[in-house]
>>> print(open('work-v8.cif').read())   # mmCIF, C-alpha atoms
data_model
loop_
_atom_site.label_atom_id
_atom_site.label_comp_id
_atom_site.auth_asym_id
_atom_site.auth_seq_id
_atom_site.Cartn_x
_atom_site.Cartn_y
_atom_site.Cartn_z
CA MET A 1 126.33 29.26 -28.37
CA THR A 2 125.84 28.37 -24.75
CA LEU A 3 123.20 26.01 -23.58
CA ASP A 4 120.31 27.70 -21.84
CA PRO A 5 120.47 26.47 -18.21
CA THR A 6 116.75 25.87 -18.25
CA ILE A 7 117.05 23.66 -21.28
CA ARG A 8 119.99 21.83 -19.75
CA ASP A 9 117.94 21.15 -16.61
CA ASP A 10 114.99 20.05 -18.68
CA MET A 11 117.24 17.70 -20.61
CA LEU A 12 118.54 16.18 -17.41
CA ALA A 13 115.01 15.83 -16.15
CA ALA A 14 114.13 13.98 -19.35
CA VAL A 15 116.94 11.44 -18.92
CA PRO A 16 115.05 8.87 -16.79
CA ASN A 17 112.25 8.73 -19.34
CA LEU A 18 114.63 8.63 -22.27
CA ARG A 19 116.49 5.74 -20.66
CA ALA A 20 113.26 3.87 -20.04
CA PHE A 21 112.20 4.38 -23.64
CA ALA A 22 115.64 3.36 -24.90
CA TYR A 23 115.66 0.32 -22.65
CA SER A 24 112.21 -0.73 -23.81
CA LEU A 25 113.28 -0.36 -27.42
CA SER A 26 116.66 -2.05 -27.18
CA GLY A 27 116.14 -4.50 -24.31
CA SER A 28 119.43 -3.58 -22.70
CA VAL A 29 120.56 -1.05 -20.13
CA ASP A 30 123.95 -0.65 -21.76
CA ARG A 31 122.43 0.06 -25.14
CA ALA A 32 119.90 2.35 -23.52
CA ASP A 33 122.65 4.46 -21.97
CA ASP A 34 124.53 4.65 -25.26
CA LEU A 35 121.33 5.69 -27.02
CA VAL A 36 120.60 8.38 -24.48
CA GLN A 37 124.16 9.70 -24.57
CA GLU A 38 124.09 10.01 -28.35
CA THR A 39 120.63 11.57 -28.15
CA LEU A 40 121.81 14.28 -25.77
CA MET A 41 124.88 15.02 -27.89
CA ARG A 42 122.77 15.31 -31.01
CA ALA A 43 120.18 17.40 -29.25
CA ILE A 44 122.77 19.90 -28.07
CA ALA A 45 124.46 19.95 -31.45
CA LYS A 46 121.22 21.05 -33.04
CA ILE A 47 119.62 22.85 -30.16
CA ASP A 48 118.85 25.81 -32.41
CA HIS A 49 116.33 23.57 -34.17
CA PHE A 50 114.37 23.38 -30.98
CA THR A 51 111.65 25.94 -30.39
CA PRO A 52 111.65 26.97 -26.72
CA GLY A 53 108.27 26.48 -25.16
CA THR A 54 107.44 23.45 -27.26
CA ASN A 55 107.61 19.91 -25.98
CA LEU A 56 111.28 19.20 -25.27
CA ASN A 57 110.51 15.65 -24.20
CA ALA A 58 108.85 14.81 -27.49
CA TRP A 59 111.71 16.43 -29.38
CA LEU A 60 114.29 14.34 -27.50
CA PHE A 61 112.24 11.18 -27.95
CA THR A 62 112.12 11.88 -31.67
CA ILE A 63 115.90 12.20 -31.85
CA LEU A 64 116.39 9.00 -29.87
CA ARG A 65 113.83 7.11 -31.89
CA ASN A 66 115.30 8.20 -35.21
CA TYR A 67 118.82 7.38 -34.14
CA PHE A 68 117.72 3.95 -32.92
CA ARG A 69 115.88 3.22 -36.14
CA SER A 70 118.43 4.57 -38.56
CA GLU A 71 121.80 3.55 -37.18
CA PHE A 72 121.82 2.00 -33.78
CA ARG A 73 119.62 -0.93 -34.73
CA LYS A 74 122.22 -2.28 -37.12
CA GLN A 75 124.70 -2.93 -34.34
CA ARG A 76 122.20 -4.78 -32.24
CA ARG A 77 122.90 -8.39 -33.08
CA GLU A 78 126.60 -8.25 -32.29
CA VAL A 79 126.11 -8.03 -28.56
CA GLU A 80 122.69 -9.57 -28.13
CA ASP A 81 123.40 -12.41 -25.69
CA VAL A 82 125.83 -10.73 -23.38
CA ASP A 83 123.65 -7.69 -23.15
CA GLY A 84 120.55 -9.66 -22.32
CA LYS A 85 122.17 -10.98 -19.18
CA HIS A 86 123.49 -7.61 -18.25
CA ALA A 87 120.04 -6.11 -18.54
CA ASP A 88 118.58 -8.82 -16.35
CA ARG A 89 121.04 -7.99 -13.66
CA LEU A 90 120.54 -4.26 -13.69
CA VAL A 91 116.85 -3.73 -14.04
CA SER A 92 115.13 -4.61 -10.83
CA GLN A 93 111.92 -6.27 -11.54
CA PRO A 94 108.75 -5.22 -9.83
CA GLU A 95 107.75 -7.44 -6.97
CA GLN A 96 104.12 -7.90 -7.83
CA VAL A 97 105.07 -9.40 -11.15
CA GLY A 98 106.65 -12.84 -11.15
CA ARG A 99 110.08 -13.20 -12.61
CA VAL A 100 109.05 -15.78 -15.17
CA GLU A 101 106.20 -13.61 -16.37
CA PHE A 102 108.48 -10.63 -16.55
CA GLU A 103 111.04 -12.52 -18.62
CA GLU A 104 108.27 -13.83 -20.81
CA PHE A 105 106.99 -10.35 -21.36
CA ARG A 106 110.44 -9.00 -22.17
CA ALA A 107 111.03 -11.78 -24.61
CA ALA A 108 107.64 -11.24 -26.24
CA LEU A 109 108.17 -7.50 -26.50
CA GLY A 110 111.49 -8.14 -28.16
CA THR A 111 109.85 -10.12 -30.93
CA LEU A 112 107.58 -7.27 -32.02
CA PRO A 113 108.47 -5.33 -35.15
CA ASP A 114 110.18 -2.04 -34.27
CA ASN A 115 107.31 0.15 -35.38
CA GLN A 116 104.78 -1.74 -33.26
CA ARG A 117 107.02 -1.83 -30.22
CA GLU A 118 107.83 1.86 -30.31
CA ALA A 119 104.18 2.82 -30.73
CA LEU A 120 103.12 0.61 -27.84
CA ILE A 121 105.80 2.01 -25.53
CA LEU A 122 105.15 5.64 -26.40
CA VAL A 123 101.43 5.34 -25.81
CA GLY A 124 101.30 2.60 -23.20
CA ALA A 125 104.26 3.55 -20.99
CA SER A 126 105.73 6.95 -21.85
CA GLY A 127 102.33 8.55 -21.59
CA PHE A 128 102.32 10.34 -24.93
CA SER A 129 99.05 10.96 -26.69
CA TYR A 130 98.42 9.28 -30.02
CA ASP A 131 99.04 12.65 -31.66
CA GLU A 132 102.40 13.07 -29.97
CA ALA A 133 103.37 9.49 -30.69
CA ALA A 134 102.50 10.02 -34.35
CA GLU A 135 104.73 13.05 -34.46
CA ILE A 136 107.60 11.23 -32.80
CA CYS A 137 107.30 8.31 -35.20
CA GLY A 138 106.71 10.50 -38.22
CA CYS A 139 103.49 8.82 -39.24
CA ALA A 140 99.74 9.33 -39.18
CA VAL A 141 97.72 9.07 -35.97
CA GLY A 142 95.68 6.23 -37.43
CA THR A 143 98.88 4.36 -38.17
CA VAL A 144 99.98 4.66 -34.56
CA LYS A 145 96.63 3.39 -33.38
CA SER A 146 96.71 0.34 -35.59
CA ARG A 147 100.32 -0.38 -34.64
CA VAL A 148 99.45 -0.21 -30.95
CA ASN A 149 96.50 -2.53 -31.50
CA ARG A 150 98.56 -5.00 -33.45
CA ALA A 151 101.27 -4.91 -30.81
CA ARG A 152 98.74 -5.58 -28.08
CA SER A 153 97.05 -8.48 -29.77
CA ARG A 154 100.35 -10.01 -30.73
CA LEU A 155 101.63 -9.80 -27.18
CA ALA A 156 98.33 -11.14 -25.88
CA GLN A 157 98.65 -14.11 -28.17
CA MET A 158 102.15 -14.88 -26.98
CA MET A 159 101.39 -14.28 -23.32
CA SER A 160 98.16 -16.26 -23.16
CA VAL A 161 99.85 -19.28 -24.62
CA GLY A 162 102.60 -18.93 -22.06
CA GLU A 163 100.37 -18.69 -19.03
CA THR A 164 98.09 -21.69 -19.46
CA PRO A 165 99.35 -24.15 -16.83
CA GLU A 166 97.70 -27.19 -18.43
CA PHE A 167 99.80 -26.72 -21.51
CA GLY A 168 103.14 -27.40 -19.91
CA ALA A 169 104.10 -24.00 -18.60
CA ASP A 170 107.18 -25.54 -17.07
CA ASP A 171 108.60 -26.53 -20.40
CA LYS A 172 107.67 -23.17 -21.80
CA THR A 173 109.27 -21.41 -18.90
CA ARG A 174 112.44 -23.34 -19.31
CA ALA A 175 112.45 -22.60 -23.00
CA VAL A 176 112.02 -18.89 -22.43
CA LEU A 177 114.63 -18.71 -19.71
CA GLY A 178 116.91 -20.84 -21.81
CA ASN A 179 116.59 -18.42 -24.70
CA LEU A 180 117.43 -15.57 -22.44
CA GLY A 181 120.55 -17.31 -21.30
CA GLY A 182 119.53 -18.06 -17.73
CA MET B 1 93.03 -34.14 -29.13
CA LYS B 2 95.09 -33.22 -26.18
CA ASP B 3 93.69 -29.71 -26.37
CA ARG B 4 90.16 -30.97 -26.10
CA LYS B 5 91.02 -33.11 -23.13
CA SER B 6 92.66 -30.21 -21.38
CA SER B 7 89.63 -28.03 -21.98
CA ALA B 8 87.80 -30.22 -19.48
CA HIS B 9 90.08 -28.66 -16.90
CA GLY B 10 89.01 -25.20 -17.85
CA ALA B 11 91.68 -24.24 -20.37
CA LYS B 12 89.44 -23.60 -23.35
CA VAL B 13 91.96 -21.74 -25.39
CA LYS B 14 91.21 -23.27 -28.73
CA ASN B 15 87.51 -23.94 -28.36
CA PRO B 16 85.53 -21.52 -30.55
CA SER B 17 82.34 -22.07 -28.54
CA SER B 18 83.90 -20.41 -25.48
CA ALA B 19 83.92 -16.92 -26.93
CA PRO B 20 83.02 -15.01 -23.73
CA GLU B 21 85.67 -16.86 -21.80
CA THR B 22 88.21 -16.10 -24.49
CA ALA B 23 87.23 -12.46 -24.38
CA ASN B 24 87.73 -12.40 -20.64
CA LEU B 25 91.07 -14.04 -21.00
CA GLY B 26 91.90 -11.41 -23.61
CA ARG B 27 91.03 -8.59 -21.23
CA ASP B 28 93.04 -10.16 -18.43
CA VAL B 29 96.00 -10.58 -20.68
CA GLN B 30 95.66 -7.02 -21.96
CA ALA B 31 95.62 -5.71 -18.41
CA LYS B 32 98.68 -7.77 -17.62
CA ILE B 33 100.48 -6.50 -20.69
CA GLY B 34 99.79 -2.92 -19.74
CA GLN B 35 100.94 -3.57 -16.20
CA GLN B 36 104.15 -5.32 -17.21
CA LEU B 37 104.98 -2.71 -19.80
CA ARG B 38 104.61 0.08 -17.26
CA SER B 39 106.45 -1.89 -14.57
CA MET B 40 109.40 -2.44 -16.86
CA TYR B 41 109.39 1.20 -17.87
CA VAL B 42 109.03 2.58 -14.37
CA GLY B 43 111.77 0.24 -13.18
CA VAL B 44 114.18 2.20 -15.36
CA VAL B 45 112.66 5.63 -14.70
CA ASP B 46 113.11 5.01 -10.97
CA GLN B 47 116.85 4.65 -11.45
CA GLY B 48 116.92 8.41 -11.90
CA VAL B 49 119.74 10.20 -13.69
CA PRO B 50 123.05 8.32 -13.71
CA ASP B 51 126.08 10.50 -13.00
CA ARG B 52 127.48 10.00 -16.48
CA PHE B 53 124.68 12.13 -17.90
CA VAL B 54 125.15 14.91 -15.41
CA GLU B 55 128.85 14.91 -16.33
CA LEU B 56 128.09 14.71 -20.02
CA LEU B 57 125.78 17.69 -20.02
CA LYS B 58 128.22 19.68 -17.94
CA LYS B 59 130.99 18.88 -20.39
CA LEU B 60 128.89 19.61 -23.45
CA ASP B 61 127.76 22.84 -21.91
CA GLU B 62 131.30 23.92 -21.08
CA ALA B 63 132.34 23.09 -24.62
CA GLY B 64 129.94 25.86 -25.50
CA GLY B 65 128.49 24.02 -28.44
CA SER B 66 131.76 24.22 -30.37
CA SER B 67 131.46 20.72 -31.72
CA ASP B 68 134.79 19.12 -32.43
CA LYS B 69 132.89 16.25 -33.97
CA ASP B 70 130.66 16.83 -36.94
CA ARG B 71 127.64 15.09 -35.52
CA ASP B 72 125.06 17.30 -37.03
CA SER B 73 125.32 15.78 -40.46
CA GLU B 74 121.67 14.86 -40.79
#
>>> encode(input="work-v8.cif", output="structure tokens")
Amino acid sequence: MTLDPTIRDDMLAAVPNLRAFAYSLSGSVDRADDLVQETLMRAIAKIDHFTPGTNLNAWLFTILRNYFRSEFRKQRREVEDVDGKHADRLVSQPEQVGRVEFEEFRAALGTLPDNQREALILVGASGFSYDEAAEICGCAVGTVKSRVNRARSRLAQMMSVGETPEFGADDKTRAVLGNLGG
Amino acid sequence: MKDRKSSAHGAKVKNPSSAPETANLGRDVQAKIGQQLRSMYVGVVDQGVPDRFVELLKKLDEAGGSSDKDRDSE
């Protein structure tokens, strides 16, 4: 079977979003690229499972998400520290957001349970509807909603503690940066 | 004790009587979370498609789907 050129183009077009999703899940550009590569290989290997005209993006996200959850996650701890630095170097951080805040946010996001983090990213950044996110995660819509809510309040808790200057933000900052390895 | 002292400077994080203020703080923090999440995400999206993926798809396409690795085991 040969890959339909349209589908190949659509897959390429999906890569930036897949990488962003993978990066947000894994916290590392290297891991994100590995995840996306494996996702594309799997997608092409089972391209006949894809119904043309349906949402290719969602299908690819599902493959990536399942791979991350089932296998990739296990390897994570081995390279944690090194990768964290690497990611810092490669992902340019938006100028309107301070570096400390950005690191704080990244660290906080990394502490969320997988299912909350993925739900939050899919709905809050990837732009999927709750319905689509539910399909990607293989759960009920209501479950996605409650996961997103829990993720938000958990992050809010962590971030609001971190940003109160009177409570020794400097120490906190140092602690966070220290944890991230500089 | 220290908390209470600090609250005099406007940081009423743990004071239950400052519910509206807490709610405002919550909204601010929520807005910030949304903004940072999207910023982080867009930061990667804006990197576009690295060459390795263009090459990969070309290679996979040329291979014509004849998988020499049995990846489709699921």
>>> interface_residues(input="work-v8.cif", of="chain A", to="chain B", cutoff="6 Å", atoms="all atoms listed in the file", output="ChimeraX atom specification")
/A:1-3,16-17,20,125,156
>>> closest_residue(input="work-v8.cif", among="A:Leu25, A:Ala58, A:Ile63, A:Ile136", to="A:Arg106", atoms="all atoms listed in the file")
A:Leu25
>>> closest_residue(input="work-v8.cif", among="A:Ser146, A:Leu40, A:Ala151, A:Arg99", to="A:Leu120", atoms="all atoms listed in the file")
A:Ala151
>>> atom_distance(input="work-v8.cif", atom1="atom CA of A:Ser126", atom2="atom CA of A:Phe21")
7.2 Å
>>> atom_distance(input="work-v8.cif", atom1="atom CA of A:Glu104", atom2="atom CA of A:Val148")
19.1 Å
>>> resolve_selection(input="work-v8.cif", expression="the PyMOL selection byres ((chain A and resi 36) around 8)", output="list of chain:residue names")
A:Val15, A:Leu18, A:Arg19, A:Ala22, A:Ala32, A:Asp33, A:Asp34, A:Leu35, A:Gln37, A:Glu38, A:Thr39, A:Leu40, A:Leu64
